[in-house]
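Chemist: Provided below: start_15.cif, containing mmCIF, C-alpha atoms.
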data_model
#
loop_
_atom_site.group_PDB
_atom_site.id
_atom_site.type_symbol
_atom_site.label_atom_id
_atom_site.label_comp_id
_atom_site.auth_asym_id
_atom_site.auth_seq_id
_atom_site.Cartn_x
_atom_site.Cartn_y
_atom_site.Cartn_z
ATOM 1 C CA MET T 1 -28.840 9.272 -7.132
ATOM 2 C CA THR T 2 -27.718 8.666 -3.573
ATOM 3 C CA LEU T 3 -24.003 8.059 -3.444
ATOM 4 C CA ARG T 4 -22.688 5.883 -0.682
ATOM 5 C CA ARG T 5 -19.445 6.131 1.132
ATOM 6 C CA LEU T 6 -16.159 4.420 0.286
ATOM 7 C CA PHE T 7 -13.911 4.296 3.310
ATOM 8 C CA ALA T 8 -10.565 2.863 4.370
ATOM 9 C CA SER T 9 -10.420 2.026 8.027
ATOM 10 C CA GLY T 10 -7.313 1.630 10.119
ATOM 11 C CA ALA T 11 -5.354 3.811 8.036
ATOM 12 C CA ALA T 12 -4.882 7.308 7.125
ATOM 13 C CA VAL T 13 -1.189 8.047 7.476
ATOM 14 C CA LEU T 14 0.232 6.757 10.769
ATOM 15 C CA THR T 15 3.903 7.052 11.588
ATOM 16 C CA ALA T 16 6.053 6.132 14.528
ATOM 17 C CA ALA T 17 7.782 9.009 16.260
ATOM 18 C CA CYS T 18 11.508 8.425 15.992
ATOM 19 C CA ALA T 19 14.731 10.298 15.420
ATOM 20 C CA ILE T 20 16.350 10.719 12.039
ATOM 21 C CA ALA T 21 19.904 9.432 11.902
ATOM 22 C CA LEU T 22 22.373 11.579 9.989
ATOM 23 C CA VAL T 23 25.188 9.964 8.028
ATOM 24 C CA PRO T 24 28.000 11.444 5.952
ATOM 25 C CA ALA T 25 27.295 12.369 2.362
ATOM 26 C CA GLY T 26 27.838 9.457 -0.004
ATOM 27 C CA SER T 27 26.956 6.831 2.606
ATOM 28 C CA ALA T 28 23.782 4.787 2.552
ATOM 29 C CA SER T 29 21.313 6.657 4.737
ATOM 30 C CA ALA T 30 19.404 5.182 7.644
ATOM 31 C CA HIS T 31 15.749 4.501 7.089
ATOM 32 C CA PRO T 32 13.927 7.737 8.019
ATOM 33 C CA LEU T 33 11.396 5.857 10.180
ATOM 34 C CA GLY T 34 13.933 3.714 12.012
ATOM 35 C CA ASN T 35 15.744 0.520 11.051
ATOM 36 C CA PHE T 36 13.163 -1.710 12.775
ATOM 37 C CA THR T 37 10.042 -0.589 10.879
ATOM 38 C CA VAL T 38 7.877 -2.261 8.259
ATOM 39 C CA ASN T 39 6.088 0.491 6.333
ATOM 40 C CA ARG T 40 3.001 -0.150 4.200
ATOM 41 C CA TYR T 41 1.025 1.584 1.472
ATOM 42 C CA ASP T 42 -2.226 0.481 -0.197
ATOM 43 C CA GLY T 43 -3.428 2.252 -3.322
ATOM 44 C CA LEU T 44 -7.065 1.347 -3.994
ATOM 45 C CA VAL T 45 -8.597 1.665 -7.463
ATOM 46 C CA ALA T 46 -12.331 0.971 -7.755
ATOM 47 C CA ALA T 47 -13.225 -0.135 -11.296
ATOM 48 C CA PRO T 48 -16.373 -1.734 -12.741
ATOM 49 C CA GLY T 49 -16.366 -5.323 -11.506
ATOM 50 C CA GLU T 50 -13.023 -5.141 -9.725
ATOM 51 C CA LEU T 51 -11.216 -3.563 -6.802
ATOM 52 C CA ARG T 52 -7.483 -3.277 -7.438
ATOM 53 C CA VAL T 53 -5.029 -2.719 -4.598
ATOM 54 C CA HIS T 54 -1.396 -1.763 -5.167
ATOM 55 C CA HIS T 55 0.156 -2.987 -1.911
ATOM 56 C CA VAL T 56 3.703 -1.884 -1.079
ATOM 57 C CA GLU T 57 5.904 -2.835 1.866
ATOM 58 C CA ASP T 58 9.139 -1.039 2.702
ATOM 59 C CA LEU T 59 11.160 -3.181 5.124
ATOM 60 C CA ALA T 60 13.893 -1.339 6.987
ATOM 61 C CA GLU T 61 17.228 -2.959 7.836
ATOM 62 C CA ILE T 62 16.248 -5.198 10.756
ATOM 63 C CA PRO T 63 13.108 -6.818 9.271
ATOM 64 C CA ALA T 64 14.910 -7.117 5.927
ATOM 65 C CA THR T 65 17.777 -8.936 7.637
ATOM 66 C CA GLN T 66 15.296 -11.200 9.434
ATOM 67 C CA ALA T 67 13.786 -12.114 6.068
ATOM 68 C CA GLY T 68 17.217 -13.079 4.711
ATOM 69 C CA PRO T 69 17.152 -16.823 5.555
ATOM 70 C CA ASP T 70 13.739 -17.279 3.906
ATOM 71 C CA ILE T 71 14.884 -15.381 0.803
ATOM 72 C CA GLU T 72 17.996 -17.580 0.575
ATOM 73 C CA ARG T 73 15.868 -20.707 0.948
ATOM 74 C CA LEU T 74 13.069 -19.760 -1.445
ATOM 75 C CA GLY T 75 14.652 -17.263 -3.805
ATOM 76 C CA ILE T 76 13.496 -13.665 -3.844
ATOM 77 C CA ALA T 77 10.738 -14.200 -6.443
ATOM 78 C CA MET T 78 9.060 -16.999 -4.481
ATOM 79 C CA TRP T 79 9.556 -15.122 -1.212
ATOM 80 C CA ALA T 80 7.809 -12.078 -2.721
ATOM 81 C CA ARG T 81 4.975 -14.289 -3.969
ATOM 82 C CA GLU T 82 4.442 -15.712 -0.476
ATOM 83 C CA ARG T 83 4.740 -12.264 1.112
ATOM 84 C CA CYS T 84 2.036 -10.911 -1.205
ATOM 85 C CA ALA T 85 -0.210 -13.923 -0.549
ATOM 86 C CA THR T 86 0.140 -13.190 3.174
ATOM 87 C CA ALA T 87 -0.694 -9.516 2.575
ATOM 88 C CA ALA T 88 -3.817 -10.510 0.631
ATOM 89 C CA ALA T 89 -4.939 -12.830 3.428
ATOM 90 C CA ASP T 90 -4.285 -10.206 6.105
ATOM 91 C CA SER T 91 -6.076 -7.384 4.252
ATOM 92 C CA ARG T 92 -9.821 -6.972 4.696
ATOM 93 C CA ALA T 93 -12.208 -5.704 2.026
ATOM 94 C CA THR T 94 -15.979 -5.469 2.291
ATOM 95 C CA VAL T 95 -18.532 -4.783 -0.447
ATOM 96 C CA ASP T 96 -21.878 -3.502 0.815
ATOM 97 C CA GLY T 97 -21.007 -4.932 4.228
ATOM 98 C CA ARG T 98 -20.044 -8.395 2.945
ATOM 99 C CA SER T 99 -16.488 -9.724 3.010
ATOM 100 C CA ALA T 100 -14.701 -9.822 -0.359
ATOM 101 C CA ALA T 101 -11.642 -12.077 -0.704
ATOM 102 C CA LEU T 102 -8.484 -10.453 -2.026
ATOM 103 C CA THR T 103 -6.164 -12.400 -4.338
ATOM 104 C CA ALA T 104 -2.486 -11.692 -5.011
ATOM 105 C CA GLU T 105 -2.127 -11.470 -8.800
ATOM 106 C CA ARG T 106 1.450 -10.215 -9.148
ATOM 107 C CA SER T 107 4.448 -9.765 -6.869
ATOM 108 C CA HIS T 108 7.903 -8.232 -7.009
ATOM 109 C CA ALA T 109 10.660 -7.595 -4.457
ATOM 110 C CA ARG T 110 13.806 -5.527 -4.713
ATOM 111 C CA VAL T 111 16.843 -5.292 -2.413
ATOM 112 C CA ARG T 112 18.173 -1.840 -1.665
ATOM 113 C CA PRO T 113 21.266 -0.715 0.269
ATOM 114 C CA GLY T 114 20.679 0.405 3.832
ATOM 115 C CA GLN T 115 22.926 1.498 6.666
ATOM 116 C CA ALA T 116 25.891 -0.289 8.271
ATOM 117 C CA GLY T 117 26.248 -2.764 5.415
ATOM 118 C CA LEU T 118 22.660 -3.982 5.762
ATOM 119 C CA ASP T 119 19.995 -4.018 3.076
ATOM 120 C CA THR T 120 16.383 -2.867 2.980
ATOM 121 C CA LEU T 121 13.598 -4.518 0.975
ATOM 122 C CA ARG T 122 10.798 -3.129 -1.154
ATOM 123 C CA VAL T 123 7.899 -5.467 -1.941
ATOM 124 C CA GLU T 124 5.113 -4.637 -4.415
ATOM 125 C CA CYS T 125 1.920 -6.639 -4.813
ATOM 126 C CA GLU T 126 -1.089 -6.314 -7.062
ATOM 127 C CA LEU T 127 -4.167 -7.529 -5.179
ATOM 128 C CA THR T 128 -7.689 -7.799 -6.596
ATOM 129 C CA ALA T 129 -11.193 -8.445 -5.293
ATOM 130 C CA PRO T 130 -14.445 -8.746 -7.251
ATOM 131 C CA LEU T 131 -16.991 -5.917 -7.266
ATOM 132 C CA PRO T 132 -20.588 -6.289 -8.438
ATOM 133 C CA SER T 133 -21.156 -5.076 -11.974
ATOM 134 C CA GLY T 134 -24.209 -3.087 -12.968
ATOM 135 C CA GLU T 135 -24.768 -1.627 -9.494
ATOM 136 C CA GLU T 136 -25.525 2.091 -9.292
ATOM 137 C CA THR T 137 -23.777 2.427 -5.946
ATOM 138 C CA VAL T 138 -21.285 0.264 -4.088
ATOM 139 C CA ALA T 139 -20.105 0.811 -0.526
ATOM 140 C CA LEU T 140 -16.556 -0.413 0.054
ATOM 141 C CA GLY T 141 -14.570 -0.915 3.215
ATOM 142 C CA PHE T 142 -10.879 -1.716 3.458
ATOM 143 C CA ARG T 143 -8.330 -2.453 6.155
ATOM 144 C CA GLY T 144 -4.737 -2.867 5.058
ATOM 145 C CA ALA T 145 -2.440 -5.741 5.975
ATOM 146 C CA GLY T 146 -0.421 -5.197 9.125
ATOM 147 C CA ALA T 147 -2.908 -2.704 10.551
ATOM 148 C CA SER T 148 -2.289 -4.026 14.073
ATOM 149 C CA SER T 149 1.455 -4.546 13.711
ATOM 150 C CA GLY T 150 4.254 -2.508 15.277
ATOM 151 C CA PRO T 151 5.409 1.027 14.477
ATOM 152 C CA GLY T 152 5.737 2.161 10.905
ATOM 153 C CA TRP T 153 4.147 4.241 8.174
ATOM 154 C CA ARG T 154 0.684 3.109 7.067
ATOM 155 C CA GLU T 155 -1.002 4.892 4.205
ATOM 156 C CA ILE T 156 -4.035 4.287 2.011
ATOM 157 C CA THR T 157 -5.228 6.166 -1.059
ATOM 158 C CA ALA T 158 -8.360 5.603 -3.152
ATOM 159 C CA ARG T 159 -9.478 6.644 -6.629
ATOM 160 C CA GLY T 160 -11.905 5.541 -9.314
ATOM 161 C CA ASP T 161 -11.387 4.090 -12.768
ATOM 162 C CA ARG T 162 -14.618 4.633 -14.731
ATOM 163 C CA MET T 163 -16.252 5.064 -11.331
ATOM 164 C CA THR T 164 -16.788 8.198 -9.281
ATOM 165 C CA LEU T 165 -15.632 8.178 -5.674
ATOM 166 C CA ALA T 166 -18.405 10.112 -4.017
ATOM 167 C CA ALA T 167 -17.128 9.866 -0.442
ATOM 168 C CA SER T 168 -13.757 8.946 0.971
ATOM 169 C CA ASP T 169 -11.790 9.569 4.130
ATOM 170 C CA VAL T 170 -8.435 9.010 2.397
ATOM 171 C CA PRO T 171 -6.778 11.068 -0.356
ATOM 172 C CA GLU T 172 -6.316 10.119 -4.012
ATOM 173 C CA LYS T 173 -2.579 10.794 -4.059
ATOM 174 C CA SER T 174 0.145 9.307 -1.851
ATOM 175 C CA VAL T 175 1.987 11.872 0.257
ATOM 176 C CA SER T 176 4.996 9.531 0.423
ATOM 177 C CA ALA T 177 5.079 8.791 -3.332
ATOM 178 C CA GLU T 178 4.190 5.183 -2.480
ATOM 179 C CA LEU T 179 6.897 4.886 0.180
ATOM 180 C CA THR T 180 9.695 6.356 -1.907
ATOM 181 C CA ARG T 181 9.850 9.858 -0.375
ATOM 182 C CA TYR T 182 8.698 10.217 3.229
ATOM 183 C CA PRO T 183 7.823 13.857 4.028
ATOM 184 C CA GLU T 184 10.181 14.987 6.758
ATOM 185 C CA GLU T 185 7.511 17.131 8.402
ATOM 186 C CA LEU T 186 5.309 14.054 8.951
ATOM 187 C CA LEU T 187 7.881 11.697 10.460
ATOM 188 C CA SER T 188 7.082 12.612 14.057
ATOM 189 C CA SER T 189 3.693 14.266 13.506
ATOM 190 C CA PRO T 190 1.616 12.021 11.256
ATOM 191 C CA ALA T 191 -0.790 13.490 8.745
ATOM 192 C CA ASP T 192 -4.487 12.835 9.227
ATOM 193 C CA THR T 193 -5.946 13.506 5.803
ATOM 194 C CA ALA T 194 -9.698 13.502 5.170
ATOM 195 C CA SER T 195 -11.506 14.276 1.927
ATOM 196 C CA PRO T 196 -15.167 15.027 1.356
ATOM 197 C CA PRO T 197 -17.850 12.535 1.050
ATOM 198 C CA CYS T 198 -16.897 7.764 -2.861
ATOM 199 C CA GLY T 199 -18.176 4.995 -5.460
ATOM 200 C CA ALA T 200 -20.608 5.137 -8.315
ATOM 201 C CA PRO T 201 -20.185 4.281 -12.017
ATOM 202 C CA GLY T 202 -19.627 6.959 -14.604
ATOM 203 C CA GLY T 203 -16.284 8.557 -13.830
ATOM 204 C CA PRO T 204 -13.401 8.922 -16.279
ATOM 205 C CA ALA T 205 -11.164 5.979 -17.123
ATOM 206 C CA LEU T 206 -7.633 5.961 -15.826
ATOM 207 C CA SER T 207 -4.954 5.926 -18.476
ATOM 208 C CA ARG T 208 -3.342 2.545 -19.104
ATOM 209 C CA ARG T 209 -0.174 3.845 -17.462
ATOM 210 C CA SER T 210 -2.088 4.869 -14.346
ATOM 211 C CA ARG T 211 -3.935 1.575 -13.908
ATOM 212 C CA THR T 212 -0.837 -0.426 -12.977
ATOM 213 C CA PRO T 213 1.696 1.617 -10.997
ATOM 214 C CA PRO T 214 5.295 1.140 -12.177
ATOM 215 C CA ARG T 215 7.796 -0.895 -10.247
ATOM 216 C CA LEU T 216 10.313 1.333 -8.507
#
Please go through the file and, once you have read it, give me the structure as structure tokens.
Modeler:
Amino acid sequence: MTLRRLFASGAAVLTAACAIALVPAGSASAHPLGNFTVNRYDGLVAAPGELRVHHVEDLAEIPATQAGPDIERLGIAMWARERCATAAADSRATVDGRSAALTAERSHARVRPGQAGLDTLRVECELTAPLPSGEETVALGFRGAGASSGPGWREITARGDRMTLAASDVPEKSVSAELTRYPEELLSSPADTASPPCGAPGGPALSRRSRTPPRL
């Protein structure tokens, strides 16, 4: 069986070079990538008949503050729903070279304390796109939302659920724990992770807990 390549373009881990602000113990710390960044993670899961994408955005203090008027007007749940719909529209998935539309199925946003009395925002989206069923091999392409935006962390992972990833240029596991723990050694020198040549049926099933990442 010839296995074809699954790839994620525009994205291994890219970070903006910036200084880390130090604050006294007990204070809310500055965002490690700078208070102006929007940082994104996409966790791809290829399953029979469906591509699932766990899309996460970590908005530092300035973009979170800029989102404030819209959150007050819409409410945070509706704002998150619209943010995830925008992420789905801005992401690009291809199946065997043909465009596959992504749909935002679920959304959630959470406010977190930042520096200088400002908040940060964490947005989580569950996006899906159809995959052909019964195919022996499927070649997937993916470009995450915000790929051409300003500085920030951009990370993509990929794994299979009852499918075998035969070739991939992104890892299976997030080095930032899905934007919850940024590795200090990568803040100014971004990782460029490549794994060997990804998608054919027959791999193990993910556990139910693994299929939908928890909200953090």
Chemist: One decimal, in Å: what's the spacing between CA of Thr103 (chain T) and CA of Ala89 (chain T)?
Modeler: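 Computed distance, CA of Thr103 (chain T) to CA of Ala89 (chain T), equals 7.9 Å.
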Chemist: For Arg83 (chain T), work out the shell of residues within 9 Å, counting only C-alpha atoms and skipping chain neighbours fewer than 5 positions away, then give it as a list in words.
Modeler: Met78, Ala88, Ser107, Val123 and Cys125 of chain T
Chemist: Choose the residue, out of T:Leu33, T:Ala47, T:His55, T:Ile71, that has the smallest atom-to-atom separation from Thr157 (chain T); count all atoms listed in the file.
Modeler: T:His55
Chemist: Which distance in Å separates CA of Asp58 (chain T) and CA of Arg40 (chain T), to one decimal?
Modeler: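 We find that CA of Asp58 (chain T) and CA of Arg40 (chain T) lie 6.4 Å from each other.
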Chemist: Between T:Ala93, T:Gly43, T:Ser188, T:Gln66, which has the minimum distance to Ala129 (chain T) (counting all atoms listed in the file)?
Modeler: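 Ranking T:Ala93, T:Gly43, T:Ser188, T:Gln66 by distance to Ala129 (chain T), first place goes to T:Ala93.
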Chemist: Please write the residues picked by the PyMOL selection byres ((chain T and resi 77) around 12) on this file as a VMD selection string.
Modeler: chain T and resid 70 to 76 78 to 84 106 to 111 123 to 125
Chemist: Applying the PyMOL selection byres ((chain T and resi 45) around 9) to the file I just gave you, which residues come out? Please list them as a list of chain:residue names.
Modeler: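 After applying the PyMOL selection byres ((chain T and resi 45) around 9), what remains is T:Gly43, T:Leu44, T:Ala46, T:Ala47, T:Glu50, T:Leu51, T:Arg52, T:Val53, T:His54, T:Thr157, T:Ala158, T:Arg159, T:Gly160, T:Asp161, T:Arg211.
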